[in-house]
Every structure is written in structure tokens, then in C-alpha cells.
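S.K.: Before anything else, here's the structure in question.
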Amino acid sequence: MPKVMIPTPLRQYTDKKDSVEVAGATVGEILGTLTTTYPDLKKNLYNDEGKLRSFVNVYVNDEDIRYLSKDKTEVGAGDTVTIVPSIAGGR
Amino acid sequence: MIRIGDDAWQVMVDHAEAVFPNECCGAMLGSSDGETKIVTVALPLENVHAGQQATRYELRPEDLLKAEKAARARGLDLIGIFHSHPDHDAYFSETDLKNSCPWYSFVVMSVKAGRYNHAKSFLPNMEQTEAPEEALELPATNRSA
């Protein structure tokens, strides 16, 4: 099953696990199952309209899904899905 | 509250002064007991903003991933992000807010005329609409104007 890596601040919502194996063939399916299993994760990852929050990047292995097929990006059994924040700023 | 240890703070100040007049940025690693976050390691990261770096910073997501791995290897957590405001005060700007992430503390360092001046920490909310100030404790020997 694909593995989802959980960033440190979100592990409080995944029973302190730093990675979770989740069944699914696409990023959308996997994140859907993940947030059903751990409902408190959902508000951290998705806004009220059900879209990924602007500060959430998702990678499949080393590829950013924005440059693949977004939530329809296919994920194989041995793949790793990683949630990485997007951070910038300035005065 | 967030407390920054001597070594980590020195790394942050040195980095902020070294990249002046540009904005610096980096990751803060440490631990938390639920009430107090303690930063023990600071990792300077590259500002990859493609435009004017004197007024903007941007972190490469891959670098954050590396910072997270570095924290894990030390038995620590990635608990905060720092950046500088060259020749401006340490406030959380609209740009900072709109590009923030609520999972971390954000320490902003004011650097004036190339020297560290003062710092503040902020906790942005999920909707990126406000960032209340968080109590920040710096080493007693920290250099300030």
C-alpha cells in the first residue's frame, strides 16, 4: 500500500504516527481515505470548499502533484505521498 | 511560548546579518512540552524567491522536507520558521500572513544597518487572516541595539 508521510505538527491527529499506509490509486483517493480515518487532519489540509489549502503541497515520491495530474495523480503500491508546507513572506 | 537556545540563536543572528540587505530564512528545530517550545538547532535555508530578496523570501518545499528529516535524525521536531526584515521592524506583514502555515511558529528578526535589532514570534491561523504574537524568550546574552 502507498505510504503517506505526516509532517510533525500533524502527527497529533494521526495517533502520533509519522507515516500511515493508505489504500488508493490516486492522490485524491488516498487523502480522502486518510482524512476519513483521521478526521481532525481534514481541516488542516482542506478549506471549507474542499480544496487543498494554499499552504499544503503534496508530493508523490519526489514530484509535486501540481506538475503532475493534481489529485488525479496515480499512486503505485510502493510510492510515498508526502505532505509539505508551502512557506514564503516578506515585509 | 517559544524559547530559543544560545547556539540556535547565534546561528540565526549570524545568518540574518550575513545575508543583509536581503531577507534570510531558515528552520527551527527543537521540542515542545505542549506549553513551551524550545529551539535547540537553527538551520539556515536558501531564500529562493526569484525577485527582489530584500523584501521577500520563499522557502523551497524540498528544503523543508530536508529540515524535517534533519530534525527526525536528531530526535527533534521542526517547530518553527525564521526570516528577517532588513531595515524594518519585526512585524508579521500581510505578505507574511498570506504565505504562512499555521503549523509553525514564525520568528521575524529585524536587522538594521546590517546588525540584528530585535525579534518577535507569531502564530498564524489556519485561514491566514491573523497571526497573534507569541511570547519569545531569547538568550540573555543576545545582541540587540
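Labeling convention for the C-alpha cells: chains A, B, ... as they appear, residues from 1 per chain, ligands from 1 in order of appearance.
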As a count of residues only, please: the residues near Pro86 in chain B (cut-off 7 Å, only C-alpha atoms, same-chain neighbours under 5 positions excluded).
M.R.: 8
S.K.: Quick one: residues within 10 Å of Glu29 in chain A, only C-alpha atoms counted, chain neighbours fewer than 3 positions away excluded, as a PyMOL selection string?
M.R.: chain A and resi 22-26+32-34+71-75
S.K.: Deliver the residues from the most recent selection as a file, using C-alpha atoms, as a PDB file, in the first residue's frame.
M.R.:
ATOM      1  CA  VAL A  22      -3.390   4.126   2.993  1.00  0.00           C
ATOM      2  CA  ALA A  23      -5.128   2.207   0.193  1.00  0.00           C
ATOM      3  CA  GLY A  24      -5.906   4.123  -3.006  1.00  0.00           C
ATOM      4  CA  ALA A  25      -4.909   4.520  -6.634  1.00  0.00           C
ATOM      5  CA  THR A  26      -4.774   8.329  -6.813  1.00  0.00           C
ATOM      6  CA  GLY A  32      -9.778  11.156   1.115  1.00  0.00           C
ATOM      7  CA  THR A  33      -9.288   7.881   2.971  1.00  0.00           C
ATOM      8  CA  LEU A  34      -6.620   9.408   5.203  1.00  0.00           C
ATOM      9  CA  ASP A  71      -5.430  14.995  -7.121  1.00  0.00           C
ATOM     10  CA  LYS A  72      -5.830  12.592 -10.044  1.00  0.00           C
ATOM     11  CA  THR A  73      -2.119  11.759  -9.936  1.00  0.00           C
ATOM     12  CA  GLU A  74      -1.754   7.990  -9.895  1.00  0.00           C
ATOM     13  CA  VAL A  75      -0.023   6.380  -6.931  1.00  0.00           C
TER      14      VAL A  75
END
S.K.: Range 61-66 of chain B: which residues within 12 Å, counting only C-alpha atoms, same-chain residues fewer than 3 positions away excluded, as a PDB file with N, CA and C atoms, in the first residue's frame?
M.R.:
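For reference, result_10.pdb as written:
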ATOM      1  N   MET A   5       3.555  10.249   4.338  1.00  0.00           N
ATOM      2  CA  MET A   5       4.407  10.807   5.394  1.00  0.00           C
ATOM      3  C   MET A   5       3.696  12.012   6.016  1.00  0.00           C
ATOM      4  N   ILE A   6       3.628  12.013   7.344  1.00  0.00           N
ATOM      5  CA  ILE A   6       2.893  13.054   8.058  1.00  0.00           C
ATOM      6  C   ILE A   6       3.862  14.068   8.666  1.00  0.00           C
ATOM      7  N   PRO A   7       3.709  15.368   8.364  1.00  0.00           N
ATOM      8  CA  PRO A   7       4.599  16.365   8.982  1.00  0.00           C
ATOM      9  C   PRO A   7       4.420  16.400  10.506  1.00  0.00           C
ATOM     10  N   THR A   8       5.482  16.755  11.198  1.00  0.00           N
ATOM     11  CA  THR A   8       5.469  16.733  12.668  1.00  0.00           C
ATOM     12  C   THR A   8       4.224  17.364  13.310  1.00  0.00           C
ATOM     13  N   PHE A  55      -1.319  26.512   1.574  1.00  0.00           N
ATOM     14  CA  PHE A  55      -0.002  26.223   2.152  1.00  0.00           C
ATOM     15  C   PHE A  55       0.331  24.734   2.161  1.00  0.00           C
ATOM     16  N   VAL A  56      -0.519  23.926   1.512  1.00  0.00           N
ATOM     17  CA  VAL A  56      -0.271  22.481   1.504  1.00  0.00           C
ATOM     18  C   VAL A  56       0.242  22.044   0.124  1.00  0.00           C
ATOM     19  N   ASN A  57       1.429  21.505   0.092  1.00  0.00           N
ATOM     20  CA  ASN A  57       1.971  20.877  -1.111  1.00  0.00           C
ATOM     21  C   ASN A  57       1.947  19.367  -0.913  1.00  0.00           C
ATOM     22  N   VAL A  58       1.648  18.652  -1.990  1.00  0.00           N
ATOM     23  CA  VAL A  58       1.659  17.189  -1.908  1.00  0.00           C
ATOM     24  C   VAL A  58       2.624  16.650  -2.963  1.00  0.00           C
ATOM     25  N   TYR A  59       3.504  15.777  -2.521  1.00  0.00           N
ATOM     26  CA  TYR A  59       4.476  15.161  -3.419  1.00  0.00           C
ATOM     27  C   TYR A  59       4.196  13.664  -3.525  1.00  0.00           C
ATOM     28  N   ASN A  61       6.438  10.601  -4.296  1.00  0.00           N
ATOM     29  CA  ASN A  61       7.890  10.402  -4.317  1.00  0.00           C
ATOM     30  C   ASN A  61       8.543  11.796  -4.343  1.00  0.00           C
ATOM     31  N   ASP A  62       9.257  12.151  -5.412  1.00  0.00           N
ATOM     32  CA  ASP A  62       9.899  13.470  -5.402  1.00  0.00           C
ATOM     33  C   ASP A  62       9.204  14.479  -6.308  1.00  0.00           C
ATOM     34  N   GLU A  63       7.992  14.171  -6.739  1.00  0.00           N
ATOM     35  CA  GLU A  63       7.312  15.033  -7.705  1.00  0.00           C
ATOM     36  C   GLU A  63       6.129  15.762  -7.074  1.00  0.00           C
ATOM     37  N   ASP A  64       6.085  17.063  -7.291  1.00  0.00           N
ATOM     38  CA  ASP A  64       4.978  17.894  -6.816  1.00  0.00           C
ATOM     39  C   ASP A  64       3.750  17.594  -7.686  1.00  0.00           C
ATOM     40  N   THR A  82       3.936  12.581   0.232  1.00  0.00           N
ATOM     41  CA  THR A  82       4.452  13.433   1.305  1.00  0.00           C
ATOM     42  C   THR A  82       3.718  14.764   1.326  1.00  0.00           C
ATOM     43  N   ILE A  83       3.317  15.188   2.518  1.00  0.00           N
ATOM     44  CA  ILE A  83       2.656  16.482   2.705  1.00  0.00           C
ATOM     45  C   ILE A  83       3.714  17.476   3.179  1.00  0.00           C
ATOM     46  N   VAL A  84       3.912  18.541   2.413  1.00  0.00           N
ATOM     47  CA  VAL A  84       4.950  19.526   2.729  1.00  0.00           C
ATOM     48  C   VAL A  84       4.334  20.920   2.709  1.00  0.00           C
ATOM     49  N   PRO A  85       4.579  21.743   3.727  1.00  0.00           N
ATOM     50  CA  PRO A  85       4.003  23.088   3.690  1.00  0.00           C
ATOM     51  C   PRO A  85       4.693  23.987   2.669  1.00  0.00           C
ATOM     52  N   SER A  86       3.953  24.973   2.222  1.00  0.00           N
ATOM     53  CA  SER A  86       4.487  25.992   1.336  1.00  0.00           C
ATOM     54  C   SER A  86       4.637  27.264   2.170  1.00  0.00           C
ATOM     55  N   ILE A  87       5.836  27.814   2.234  1.00  0.00           N
ATOM     56  CA  ILE A  87       6.065  28.973   3.114  1.00  0.00           C
ATOM     57  C   ILE A  87       6.881  30.049   2.388  1.00  0.00           C
ATOM     58  N   ALA A  88       6.379  31.287   2.484  1.00  0.00           N
ATOM     59  CA  ALA A  88       7.096  32.436   1.930  1.00  0.00           C
ATOM     60  C   ALA A  88       6.666  33.661   2.737  1.00  0.00           C
TER      61      ALA A  88
ATOM     62  N   CYS B  25      16.164  33.301   5.691  1.00  0.00           N
ATOM     63  CA  CYS B  25      15.102  32.408   6.152  1.00  0.00           C
ATOM     64  C   CYS B  25      15.730  31.095   6.612  1.00  0.00           C
ATOM     65  N   GLY B  26      14.981  30.369   7.402  1.00  0.00           N
ATOM     66  CA  GLY B  26      15.503  29.105   7.895  1.00  0.00           C
ATOM     67  C   GLY B  26      14.503  28.369   8.762  1.00  0.00           C
ATOM     68  N   ALA B  27      14.928  27.208   9.224  1.00  0.00           N
ATOM     69  CA  ALA B  27      14.056  26.339  10.017  1.00  0.00           C
ATOM     70  C   ALA B  27      14.568  26.264  11.452  1.00  0.00           C
ATOM     71  N   MET B  28      13.635  26.144  12.393  1.00  0.00           N
ATOM     72  CA  MET B  28      13.999  25.998  13.806  1.00  0.00           C
ATOM     73  C   MET B  28      13.573  24.603  14.273  1.00  0.00           C
ATOM     74  N   LEU B  29      14.535  23.873  14.816  1.00  0.00           N
ATOM     75  CA  LEU B  29      14.268  22.510  15.284  1.00  0.00           C
ATOM     76  C   LEU B  29      14.341  22.482  16.800  1.00  0.00           C
ATOM     77  N   LEU B  43      18.532  25.947  11.345  1.00  0.00           N
ATOM     78  CA  LEU B  43      19.104  25.586  10.047  1.00  0.00           C
ATOM     79  C   LEU B  43      18.857  26.709   9.048  1.00  0.00           C
ATOM     80  N   PRO B  44      19.882  27.469   8.671  1.00  0.00           N
ATOM     81  CA  PRO B  44      19.694  28.468   7.624  1.00  0.00           C
ATOM     82  C   PRO B  44      19.296  27.767   6.321  1.00  0.00           C
ATOM     83  N   LEU B  45      18.312  28.308   5.625  1.00  0.00           N
ATOM     84  CA  LEU B  45      17.897  27.737   4.344  1.00  0.00           C
ATOM     85  C   LEU B  45      17.996  28.828   3.283  1.00  0.00           C
ATOM     86  N   GLU B  46      18.063  28.393   2.049  1.00  0.00           N
ATOM     87  CA  GLU B  46      18.223  29.338   0.945  1.00  0.00           C
ATOM     88  C   GLU B  46      16.917  30.087   0.668  1.00  0.00           C
ATOM     89  N   ASN B  47      17.041  31.401   0.505  1.00  0.00           N
ATOM     90  CA  ASN B  47      15.894  32.185   0.045  1.00  0.00           C
ATOM     91  C   ASN B  47      15.833  31.995  -1.468  1.00  0.00           C
ATOM     92  N   VAL B  48      14.767  31.341  -1.956  1.00  0.00           N
ATOM     93  CA  VAL B  48      14.706  31.038  -3.393  1.00  0.00           C
ATOM     94  C   VAL B  48      13.725  31.957  -4.129  1.00  0.00           C
ATOM     95  N   GLU B  58      11.266  33.113   0.117  1.00  0.00           N
ATOM     96  CA  GLU B  58      10.482  31.929  -0.214  1.00  0.00           C
ATOM     97  C   GLU B  58      11.339  30.712   0.090  1.00  0.00           C
ATOM     98  N   LYS B  69      13.545  15.980   7.966  1.00  0.00           N
ATOM     99  CA  LYS B  69      14.361  14.754   8.114  1.00  0.00           C
ATOM    100  C   LYS B  69      15.527  14.991   9.065  1.00  0.00           C
ATOM    101  N   ALA B  70      16.127  16.184   8.974  1.00  0.00           N
ATOM    102  CA  ALA B  70      17.253  16.520   9.858  1.00  0.00           C
ATOM    103  C   ALA B  70      16.792  16.533  11.309  1.00  0.00           C
ATOM    104  N   ALA B  71      15.576  17.048  11.523  1.00  0.00           N
ATOM    105  CA  ALA B  71      15.035  17.085  12.885  1.00  0.00           C
ATOM    106  C   ALA B  71      14.841  15.661  13.396  1.00  0.00           C
ATOM    107  N   ARG B  72      14.230  14.851  12.557  1.00  0.00           N
ATOM    108  CA  ARG B  72      13.948  13.466  12.957  1.00  0.00           C
ATOM    109  C   ARG B  72      15.243  12.724  13.305  1.00  0.00           C
ATOM    110  N   ALA B  73      16.297  12.975  12.511  1.00  0.00           N
ATOM    111  CA  ALA B  73      17.585  12.300  12.737  1.00  0.00           C
ATOM    112  C   ALA B  73      18.186  12.690  14.082  1.00  0.00           C
ATOM    113  N   ASP B  77      11.926  17.983  16.503  1.00  0.00           N
ATOM    114  CA  ASP B  77      10.831  18.287  15.586  1.00  0.00           C
ATOM    115  C   ASP B  77      11.117  19.606  14.890  1.00  0.00           C
ATOM    116  N   LEU B  78      10.559  19.750  13.698  1.00  0.00           N
ATOM    117  CA  LEU B  78      10.581  21.054  13.030  1.00  0.00           C
ATOM    118  C   LEU B  78       9.463  21.865  13.670  1.00  0.00           C
ATOM    119  N   ILE B  79       9.806  22.911  14.422  1.00  0.00           N
ATOM    120  CA  ILE B  79       8.758  23.613  15.175  1.00  0.00           C
ATOM    121  C   ILE B  79       8.578  25.074  14.749  1.00  0.00           C
ATOM    122  N   GLY B  80       9.500  25.585  13.932  1.00  0.00           N
ATOM    123  CA  GLY B  80       9.320  26.983  13.561  1.00  0.00           C
ATOM    124  C   GLY B  80      10.123  27.373  12.332  1.00  0.00           C
ATOM    125  N   ILE B  81       9.768  28.563  11.843  1.00  0.00           N
ATOM    126  CA  ILE B  81      10.422  29.141  10.664  1.00  0.00           C
ATOM    127  C   ILE B  81      10.900  30.530  11.071  1.00  0.00           C
ATOM    128  N   TYR B 104       3.349  26.133  12.355  1.00  0.00           N
ATOM    129  CA  TYR B 104       4.652  26.500  12.929  1.00  0.00           C
ATOM    130  C   TYR B 104       4.623  27.876  13.598  1.00  0.00           C
TER     131      TYR B 104
END
S.K.: Please, which residues in chain B fall within 8 Å of chain A when counting only C-alpha atoms, and what is the closest atom pair and distance in Å to one decimal for each, ordered by chain then residue number, as CSV?
M.R.:
residue,atom,partner,partner_atom,distance
B:Glu23,CA,A:Gly90,CA,7.6
B:Thr55,CA,A:Gly90,CA,5.2
B:Arg56,CA,A:Gly90,CA,3.9
B:Tyr57,CA,A:Gly89,CA,5.4
B:Glu58,CA,A:Ala88,CA,4.0
B:Leu59,CA,A:Ile87,CA,5.8
B:Arg60,CA,A:Ser86,CA,7.9
B:Pro61,CA,A:Ser86,CA,6.1
B:Leu64,CA,A:Val84,CA,7.3
B:Leu65,CA,A:Val84,CA,6.7
B:Glu68,CA,A:Pro7,CA,7.6
B:Asp77,CA,A:Thr8,CA,6.3
B:Leu78,CA,A:Thr8,CA,6.7
B:Ile79,CA,A:Pro9,CA,7.6
B:His85,CA,A:Arg91,CA,6.1
B:His88,CA,A:Arg91,CA,7.6
B:Tyr91,CA,A:Arg91,CA,8.0
B:Phe92,CA,A:Arg91,CA,7.6
B:Ser93,CA,A:Arg91,CA,5.5
B:Glu94,CA,A:Arg91,CA,7.8
B:Thr95,CA,A:Gly89,CA,5.0
B:Asp96,CA,A:Gly89,CA,3.9
B:Leu97,CA,A:Gly89,CA,7.3
B:Lys98,CA,A:Gly89,CA,7.6
B:Asn99,CA,A:Ala88,CA,5.1
B:Ser100,CA,A:Ile87,CA,5.5
B:Cys101,CA,A:Phe55,CA,5.8
B:Trp103,CA,A:Pro9,CA,5.7
B:Tyr104,CA,A:Pro9,CA,7.6
B:Met126,CA,A:Asn44,CA,7.2
S.K.: Just write the chosen residues, N, CA and C atoms, as a PDB file, in the first residue's frame.
M.R.:
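Wrote it out as again.pdb, contents follow:
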ATOM      1  N   GLU B  23      16.560  39.378   2.713  1.00  0.00           N
ATOM      2  CA  GLU B  23      15.865  38.659   3.776  1.00  0.00           C
ATOM      3  C   GLU B  23      16.466  37.255   3.891  1.00  0.00           C
ATOM      4  N   THR B  55      13.065  42.273   0.001  1.00  0.00           N
ATOM      5  CA  THR B  55      11.711  42.462   0.537  1.00  0.00           C
ATOM      6  C   THR B  55      10.889  41.176   0.552  1.00  0.00           C
ATOM      7  N   ARG B  56      11.417  40.091   0.044  1.00  0.00           N
ATOM      8  CA  ARG B  56      10.640  38.842   0.006  1.00  0.00           C
ATOM      9  C   ARG B  56      11.535  37.644   0.280  1.00  0.00           C
ATOM     10  N   TYR B  57      10.929  36.596   0.822  1.00  0.00           N
ATOM     11  CA  TYR B  57      11.630  35.321   0.925  1.00  0.00           C
ATOM     12  C   TYR B  57      10.682  34.198   0.537  1.00  0.00           C
ATOM     13  N   GLU B  58      11.266  33.113   0.117  1.00  0.00           N
ATOM     14  CA  GLU B  58      10.482  31.929  -0.214  1.00  0.00           C
ATOM     15  C   GLU B  58      11.339  30.712   0.090  1.00  0.00           C
ATOM     16  N   LEU B  59      10.730  29.753   0.754  1.00  0.00           N
ATOM     17  CA  LEU B  59      11.451  28.517   1.066  1.00  0.00           C
ATOM     18  C   LEU B  59      11.132  27.464   0.017  1.00  0.00           C
ATOM     19  N   ARG B  60      12.124  26.675  -0.328  1.00  0.00           N
ATOM     20  CA  ARG B  60      11.916  25.574  -1.261  1.00  0.00           C
ATOM     21  C   ARG B  60      11.278  24.416  -0.467  1.00  0.00           C
ATOM     22  N   PRO B  61      10.125  23.899  -0.911  1.00  0.00           N
ATOM     23  CA  PRO B  61       9.486  22.814  -0.157  1.00  0.00           C
ATOM     24  C   PRO B  61      10.428  21.638   0.116  1.00  0.00           C
ATOM     25  N   LEU B  64      12.358  22.209   3.167  1.00  0.00           N
ATOM     26  CA  LEU B  64      11.585  21.969   4.388  1.00  0.00           C
ATOM     27  C   LEU B  64      11.517  20.472   4.692  1.00  0.00           C
ATOM     28  N   LEU B  65      11.409  19.722   3.603  1.00  0.00           N
ATOM     29  CA  LEU B  65      11.398  18.266   3.764  1.00  0.00           C
ATOM     30  C   LEU B  65      12.722  17.784   4.359  1.00  0.00           C
ATOM     31  N   GLU B  68      12.873  18.675   7.982  1.00  0.00           N
ATOM     32  CA  GLU B  68      12.063  17.731   8.764  1.00  0.00           C
ATOM     33  C   GLU B  68      12.859  16.440   9.015  1.00  0.00           C
ATOM     34  N   ASP B  77      11.926  17.983  16.503  1.00  0.00           N
ATOM     35  CA  ASP B  77      10.831  18.287  15.586  1.00  0.00           C
ATOM     36  C   ASP B  77      11.117  19.606  14.890  1.00  0.00           C
ATOM     37  N   LEU B  78      10.559  19.750  13.698  1.00  0.00           N
ATOM     38  CA  LEU B  78      10.581  21.054  13.030  1.00  0.00           C
ATOM     39  C   LEU B  78       9.463  21.865  13.670  1.00  0.00           C
ATOM     40  N   ILE B  79       9.806  22.911  14.422  1.00  0.00           N
ATOM     41  CA  ILE B  79       8.758  23.613  15.175  1.00  0.00           C
ATOM     42  C   ILE B  79       8.578  25.074  14.749  1.00  0.00           C
ATOM     43  N   HIS B  85      13.615  40.933   8.428  1.00  0.00           N
ATOM     44  CA  HIS B  85      13.126  42.128   7.751  1.00  0.00           C
ATOM     45  C   HIS B  85      14.274  43.136   7.755  1.00  0.00           C
ATOM     46  N   HIS B  88      13.779  47.069   8.618  1.00  0.00           N
ATOM     47  CA  HIS B  88      12.388  47.241   9.033  1.00  0.00           C
ATOM     48  C   HIS B  88      12.182  46.513  10.355  1.00  0.00           C
ATOM     49  N   TYR B  91       7.623  42.773  12.394  1.00  0.00           N
ATOM     50  CA  TYR B  91       6.162  42.609  12.422  1.00  0.00           C
ATOM     51  C   TYR B  91       5.791  41.488  11.460  1.00  0.00           C
ATOM     52  N   PHE B  92       4.546  41.030  11.550  1.00  0.00           N
ATOM     53  CA  PHE B  92       4.096  39.995  10.613  1.00  0.00           C
ATOM     54  C   PHE B  92       3.295  40.694   9.525  1.00  0.00           C
ATOM     55  N   SER B  93       3.907  40.840   8.365  1.00  0.00           N
ATOM     56  CA  SER B  93       3.307  41.632   7.287  1.00  0.00           C
ATOM     57  C   SER B  93       2.165  40.874   6.621  1.00  0.00           C
ATOM     58  N   GLU B  94       1.435  41.589   5.791  1.00  0.00           N
ATOM     59  CA  GLU B  94       0.351  40.979   5.002  1.00  0.00           C
ATOM     60  C   GLU B  94       0.926  39.863   4.108  1.00  0.00           C
ATOM     61  N   THR B  95       2.106  40.121   3.541  1.00  0.00           N
ATOM     62  CA  THR B  95       2.751  39.100   2.698  1.00  0.00           C
ATOM     63  C   THR B  95       3.130  37.888   3.535  1.00  0.00           C
ATOM     64  N   ASP B  96       3.649  38.149   4.738  1.00  0.00           N
ATOM     65  CA  ASP B  96       3.983  37.033   5.635  1.00  0.00           C
ATOM     66  C   ASP B  96       2.735  36.202   5.937  1.00  0.00           C
ATOM     67  N   LEU B  97       1.635  36.904   6.225  1.00  0.00           N
ATOM     68  CA  LEU B  97       0.401  36.228   6.614  1.00  0.00           C
ATOM     69  C   LEU B  97      -0.174  35.395   5.473  1.00  0.00           C
ATOM     70  N   LYS B  98      -0.215  35.978   4.278  1.00  0.00           N
ATOM     71  CA  LYS B  98      -0.841  35.300   3.134  1.00  0.00           C
ATOM     72  C   LYS B  98      -0.027  34.102   2.641  1.00  0.00           C
ATOM     73  N   ASN B  99       1.224  34.019   3.090  1.00  0.00           N
ATOM     74  CA  ASN B  99       2.076  32.899   2.649  1.00  0.00           C
ATOM     75  C   ASN B  99       2.542  32.060   3.830  1.00  0.00           C
ATOM     76  N   SER B 100       1.773  32.123   4.921  1.00  0.00           N
ATOM     77  CA  SER B 100       2.177  31.416   6.143  1.00  0.00           C
ATOM     78  C   SER B 100       1.541  30.036   6.215  1.00  0.00           C
ATOM     79  N   CYS B 101       1.922  29.305   7.256  1.00  0.00           N
ATOM     80  CA  CYS B 101       1.369  27.979   7.501  1.00  0.00           C
ATOM     81  C   CYS B 101       1.123  27.874   9.011  1.00  0.00           C
ATOM     82  N   TRP B 103       1.014  25.637  11.069  1.00  0.00           N
ATOM     83  CA  TRP B 103       1.586  24.505  11.806  1.00  0.00           C
ATOM     84  C   TRP B 103       2.830  24.903  12.599  1.00  0.00           C
ATOM     85  N   TYR B 104       3.349  26.133  12.355  1.00  0.00           N
ATOM     86  CA  TYR B 104       4.652  26.500  12.929  1.00  0.00           C
ATOM     87  C   TYR B 104       4.623  27.876  13.598  1.00  0.00           C
ATOM     88  N   MET B 126      -5.234  29.289  10.702  1.00  0.00           N
ATOM     89  CA  MET B 126      -5.489  28.391   9.567  1.00  0.00           C
ATOM     90  C   MET B 126      -5.954  29.138   8.317  1.00  0.00           C
TER      91      MET B 126
END
S.K.: Using DSSP on the backbone coordinates, identify all residues within range 29-136 of chain B classified as strand (DSSP E or B); present the result as an MDAnalysis selection string.
M.R.: chainID B and resid 29:32 37:45 57:58 77:86 105:112 115:122 133:134 136
S.K.: Would you list, as number ranges by chain, the residues of chain B that end up in helix (DSSP H, G or I) under DSSP run on this structure's backbone?
M.R.: B: 6-19, 61-73, 94-98
S.K.: Find, counting only C-alpha atoms, the residue in B:Gly75, B:Gly114, B:Pro102, B:Gly30 that gets nearest to Ala18 in chain B.
M.R.: B:Gly114
S.K.: Could you pull the residues within 7 Å of range 136-142 of chain B, counting only C-alpha atoms, minus those fewer than 2 positions along the same chain, as a PDB file with N, CA and C atoms, in the first residue's frame?
M.R.:
ATOM      1  N   MET B   1       4.607  29.709  24.471  1.00  0.00           N
ATOM      2  CA  MET B   1       5.853  30.440  24.475  1.00  0.00           C
ATOM      3  C   MET B   1       6.918  29.684  23.688  1.00  0.00           C
ATOM      4  N   ILE B   2       7.801  30.414  23.071  1.00  0.00           N
ATOM      5  CA  ILE B   2       8.915  29.774  22.361  1.00  0.00           C
ATOM      6  C   ILE B   2      10.228  30.331  22.921  1.00  0.00           C
ATOM      7  N   ARG B   3      11.115  29.413  23.264  1.00  0.00           N
ATOM      8  CA  ARG B   3      12.410  29.798  23.835  1.00  0.00           C
ATOM      9  C   ARG B   3      13.494  29.330  22.860  1.00  0.00           C
ATOM     10  N   ILE B   4      14.410  30.238  22.544  1.00  0.00           N
ATOM     11  CA  ILE B   4      15.475  29.880  21.591  1.00  0.00           C
ATOM     12  C   ILE B   4      16.797  29.756  22.331  1.00  0.00           C
ATOM     13  N   GLY B   5      17.447  28.621  22.170  1.00  0.00           N
ATOM     14  CA  GLY B   5      18.711  28.342  22.843  1.00  0.00           C
ATOM     15  C   GLY B   5      19.869  29.159  22.273  1.00  0.00           C
ATOM     16  N   ASP B   6      20.932  29.260  23.055  1.00  0.00           N
ATOM     17  CA  ASP B   6      22.098  30.099  22.683  1.00  0.00           C
ATOM     18  C   ASP B   6      22.658  29.777  21.298  1.00  0.00           C
ATOM     19  N   LYS B 120      10.467  39.115  17.033  1.00  0.00           N
ATOM     20  CA  LYS B 120       9.167  38.737  17.603  1.00  0.00           C
ATOM     21  C   LYS B 120       8.741  37.417  16.981  1.00  0.00           C
ATOM     22  N   SER B 121       7.856  36.708  17.685  1.00  0.00           N
ATOM     23  CA  SER B 121       7.341  35.448  17.150  1.00  0.00           C
ATOM     24  C   SER B 121       5.826  35.542  16.981  1.00  0.00           C
ATOM     25  N   GLU B 134       3.387  35.617  19.772  1.00  0.00           N
ATOM     26  CA  GLU B 134       3.675  34.547  20.743  1.00  0.00           C
ATOM     27  C   GLU B 134       4.839  35.020  21.615  1.00  0.00           C
ATOM     28  N   SER B 144      21.570  43.056  20.946  1.00  0.00           N
ATOM     29  CA  SER B 144      20.480  43.888  20.436  1.00  0.00           C
ATOM     30  C   SER B 144      20.931  45.337  20.454  1.00  0.00           C
TER      31      SER B 144
END
S.K.: Between A:Val60, A:Ile65, A:Thr35, A:Lys51, which residue has the minimum interatomic distance to Gly78 in chain A, considering only C-alpha atoms?
M.R.: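 The answer is A:Val60, which sits nearest to Gly78 in chain A.
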S.K.: One number please: CA of Val81 in chain A to CA of Leu76 in chain B, in Å, one decimal.
M.R.: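 The value is 21.9 Å.
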S.K.: Between CA of Val107 in chain B and CA of Gln52 in chain B, what distance in Å does the model show, to one decimal?
M.R.: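 Distance between the two atoms: 20.8 Å.
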S.K.: Just checking: using only C-alpha atoms, which residue out of B:Glu130, B:Phe122, B:Arg74, B:Met109 ends up closest to Ser31 in chain B?
M.R.: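 For Ser31 in chain B, the nearest of the candidates is B:Arg74.
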